[in-house]
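J.: Supplied in structure tokens, the structure appears directly below.
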Amino acid sequence: MRFFEAETRTAARRRKIIFTGILATVFLWNYLLARPFRPVEPIPAGIVDMHCHLAGIGAGGSGCFISAKMRDNWRFDVYLRAFGVSRAEIAVHGDRLLADRLSESLAQSKYVSKAVLLALDGVIGLDGRLDTNRTEVCFPMNM
């Protein structure tokens, strides 16, 4: 019985020592050793956003397409808010409003001066037309 009690006290002491060592290591790493080797430099002006997309719902004859599944998704309204537009405004002013808002946002940016706007290709059927059953988003570059 004494052997079992002694072993339990030793094991408990060992766990406390290991736990204290781990805490000390984490503290030292986070607060003393993990410092940057040089000061952080400010973000330079004139950054080019190399991957930018734009979408539209087809308003104003733009040729854009978003599937009903995508339009009915909760994320769609989040995307519209990110552009600072509503469904009603797009219906009145057309998809061109989205491009204008993106351009305004870019003009007001402190850091990004240019953006590369990439098309979102749709699925083209055997007849050479957009297959709206298999396309989720399409933004033609000729908008």
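Residues are referred to by chain and number: the chain letter is A, B, ... according to the order shown in the structure tokens, the number counts from 1 in that chain, and ligands are numbered separately from 1 in the order shown.
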Looking only at the backbone, which of the residues in chain A does DSSP tag as strand (DSSP E), as a PyMOL selection string?

T.: chain A and resi 47-53+65-66+112-118+137-138

J.: Give me a file of those residues, with N, CA, C and O atoms, as an mmCIF file, in the first residue's frame.

T.:
data_model
loop_
_atom_site.group_PDB
_atom_site.id
_atom_site.type_symbol
_atom_site.label_atom_id
_atom_site.label_comp_id
_atom_site.auth_asym_id
_atom_site.auth_seq_id
_atom_site.Cartn_x
_atom_site.Cartn_y
_atom_site.Cartn_z
ATOM 1 N N ILE A 47 -0.216 49.513 -54.455
ATOM 2 C CA ILE A 47 -0.379 48.064 -54.572
ATOM 3 C C ILE A 47 -1.374 47.760 -55.692
ATOM 4 O O ILE A 47 -2.372 48.452 -55.861
ATOM 5 N N VAL A 48 -1.099 46.699 -56.443
ATOM 6 C CA VAL A 48 -2.000 46.243 -57.498
ATOM 7 C C VAL A 48 -2.669 44.955 -57.007
ATOM 8 O O VAL A 48 -1.992 43.975 -56.720
ATOM 9 N N ASP A 49 -3.992 44.983 -56.883
ATOM 10 C CA ASP A 49 -4.758 43.795 -56.512
ATOM 11 C C ASP A 49 -4.834 42.924 -57.760
ATOM 12 O O ASP A 49 -5.496 43.267 -58.730
ATOM 13 N N MET A 50 -4.148 41.801 -57.732
ATOM 14 C CA MET A 50 -4.013 40.961 -58.925
ATOM 15 C C MET A 50 -5.161 39.965 -59.112
ATOM 16 O O MET A 50 -5.167 39.215 -60.074
ATOM 17 N N HIS A 51 -6.118 39.944 -58.179
ATOM 18 C CA HIS A 51 -7.195 38.956 -58.297
ATOM 19 C C HIS A 51 -8.490 39.583 -57.801
ATOM 20 O O HIS A 51 -8.810 39.526 -56.627
ATOM 21 N N CYS A 52 -9.225 40.166 -58.706
ATOM 22 C CA CYS A 52 -10.456 40.868 -58.355
ATOM 23 C C CYS A 52 -11.576 40.371 -59.272
ATOM 24 O O CYS A 52 -11.379 40.236 -60.479
ATOM 25 N N HIS A 53 -12.723 40.071 -58.686
ATOM 26 C CA HIS A 53 -13.878 39.622 -59.466
ATOM 27 C C HIS A 53 -15.034 40.587 -59.275
ATOM 28 O O HIS A 53 -15.142 41.252 -58.261
ATOM 29 N N PHE A 65 -24.735 36.801 -65.353
ATOM 30 C CA PHE A 65 -25.688 35.790 -64.904
ATOM 31 C C PHE A 65 -25.275 35.286 -63.529
ATOM 32 O O PHE A 65 -24.101 35.042 -63.270
ATOM 33 N N ILE A 66 -26.260 35.162 -62.643
ATOM 34 C CA ILE A 66 -26.082 34.498 -61.348
ATOM 35 C C ILE A 66 -27.254 33.540 -61.198
ATOM 36 O O ILE A 66 -28.409 33.920 -61.370
ATOM 37 N N VAL A 112 -4.295 50.347 -52.321
ATOM 38 C CA VAL A 112 -4.463 49.708 -53.624
ATOM 39 C C VAL A 112 -4.747 50.777 -54.662
ATOM 40 O O VAL A 112 -5.686 51.556 -54.527
ATOM 41 N N SER A 113 -3.911 50.827 -55.690
ATOM 42 C CA SER A 113 -4.086 51.852 -56.717
ATOM 43 C C SER A 113 -4.666 51.296 -58.012
ATOM 44 O O SER A 113 -5.245 52.031 -58.797
ATOM 45 N N LYS A 114 -4.504 49.987 -58.227
ATOM 46 C CA LYS A 114 -5.013 49.352 -59.445
ATOM 47 C C LYS A 114 -5.514 47.961 -59.097
ATOM 48 O O LYS A 114 -5.117 47.383 -58.091
ATOM 49 N N ALA A 115 -6.378 47.438 -59.963
ATOM 50 C CA ALA A 115 -6.881 46.076 -59.771
ATOM 51 C C ALA A 115 -6.993 45.390 -61.121
ATOM 52 O O ALA A 115 -7.337 46.019 -62.118
ATOM 53 N N VAL A 116 -6.691 44.110 -61.122
ATOM 54 C CA VAL A 116 -6.858 43.289 -62.310
ATOM 55 C C VAL A 116 -8.212 42.609 -62.178
ATOM 56 O O VAL A 116 -8.427 41.791 -61.287
ATOM 57 N N LEU A 117 -9.145 42.976 -63.038
ATOM 58 C CA LEU A 117 -10.504 42.454 -62.997
ATOM 59 C C LEU A 117 -10.581 41.203 -63.864
ATOM 60 O O LEU A 117 -10.338 41.259 -65.068
ATOM 61 N N LEU A 118 -10.893 40.089 -63.243
ATOM 62 C CA LEU A 118 -10.932 38.809 -63.936
ATOM 63 C C LEU A 118 -12.375 38.398 -64.250
ATOM 64 O O LEU A 118 -13.268 38.573 -63.426
ATOM 65 N N VAL A 137 -22.121 31.431 -61.819
ATOM 66 C CA VAL A 137 -21.867 32.858 -61.993
ATOM 67 C C VAL A 137 -21.162 33.071 -63.323
ATOM 68 O O VAL A 137 -20.250 32.324 -63.667
ATOM 69 N N CYS A 138 -21.571 34.091 -64.061
ATOM 70 C CA CYS A 138 -20.898 34.429 -65.315
ATOM 71 C C CYS A 138 -20.824 35.944 -65.416
ATOM 72 O O CYS A 138 -21.821 36.645 -65.252
#

J.: May I have all residues of segment 20-117 of chain A that DSSP, computed from the backbone, assigns to alpha helix (DSSP H), given as JSON, numbers by chain?

T.: {"A": [20, 21, 22, 23, 24, 25, 26, 27, 28, 68, 69, 70, 71, 74, 75, 76, 77, 78, 79, 80, 81, 82, 83, 87, 88, 89, 90, 91, 92, 93, 96, 97, 98, 99, 100, 101, 102, 103, 104, 105, 106, 107, 108]}

J.: Show which residues sit within 10 Å of Ile90 of chain A, as a list in words. Count only C-alpha atoms, and ignore same-chain residues fewer than 5 positions away.

T.: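 My list of contacting residues is Gly56, Ile57, Gly58, Ala59, Gly60, Leu80, Val85, Asp95, Arg96, Leu97 and Leu98 of chain A.
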
J.: Output the selection as a compact mmCIF listing (two decimals), in the first residue's frame - C-alpha atoms for each residue.

T.:
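Produced file result_26.txt, reproduced below:
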# COMPACT_ATOMS: atom_id res chain seq x y z
CA GLY A 56 -23.92 41.10 -61.91
CA ILE A 57 -27.45 39.77 -62.14
CA GLY A 58 -28.04 40.62 -65.80
CA ALA A 59 -29.74 43.96 -65.10
CA GLY A 60 -29.46 46.58 -67.82
CA LEU A 80 -24.04 43.26 -52.33
CA VAL A 85 -25.52 48.38 -53.31
CA ASP A 95 -25.09 45.93 -63.30
CA ARG A 96 -22.90 48.83 -64.33
CA LEU A 97 -23.57 50.24 -60.83
CA LEU A 98 -21.49 47.43 -59.33

J.: Can you pull out the residues contacting Phe83 of chain A? Cut-off 10 Å, using only C-alpha atoms, and skip same-chain residues under 2 positions away; I want them as a count of residues only.

T.: 16

J.: List as a ChimeraX atom specification the protein and nucleic acid residues near Pro140 of chain A, meaning an atom at most 7 Å away when only C-alpha atoms are counted, but skip any in the same chain fewer than 6 places from it.

T.: /A:63-64,119-121

J.: Of the candidates A:Arg71, A:Arg87, A:Lys110, A:Arg15, which one gets nearest to Glu136 of chain A if we count only C-alpha atoms?

T.: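 Residue with the minimum atom-to-atom distance to Glu136 of chain A: A:Arg71.
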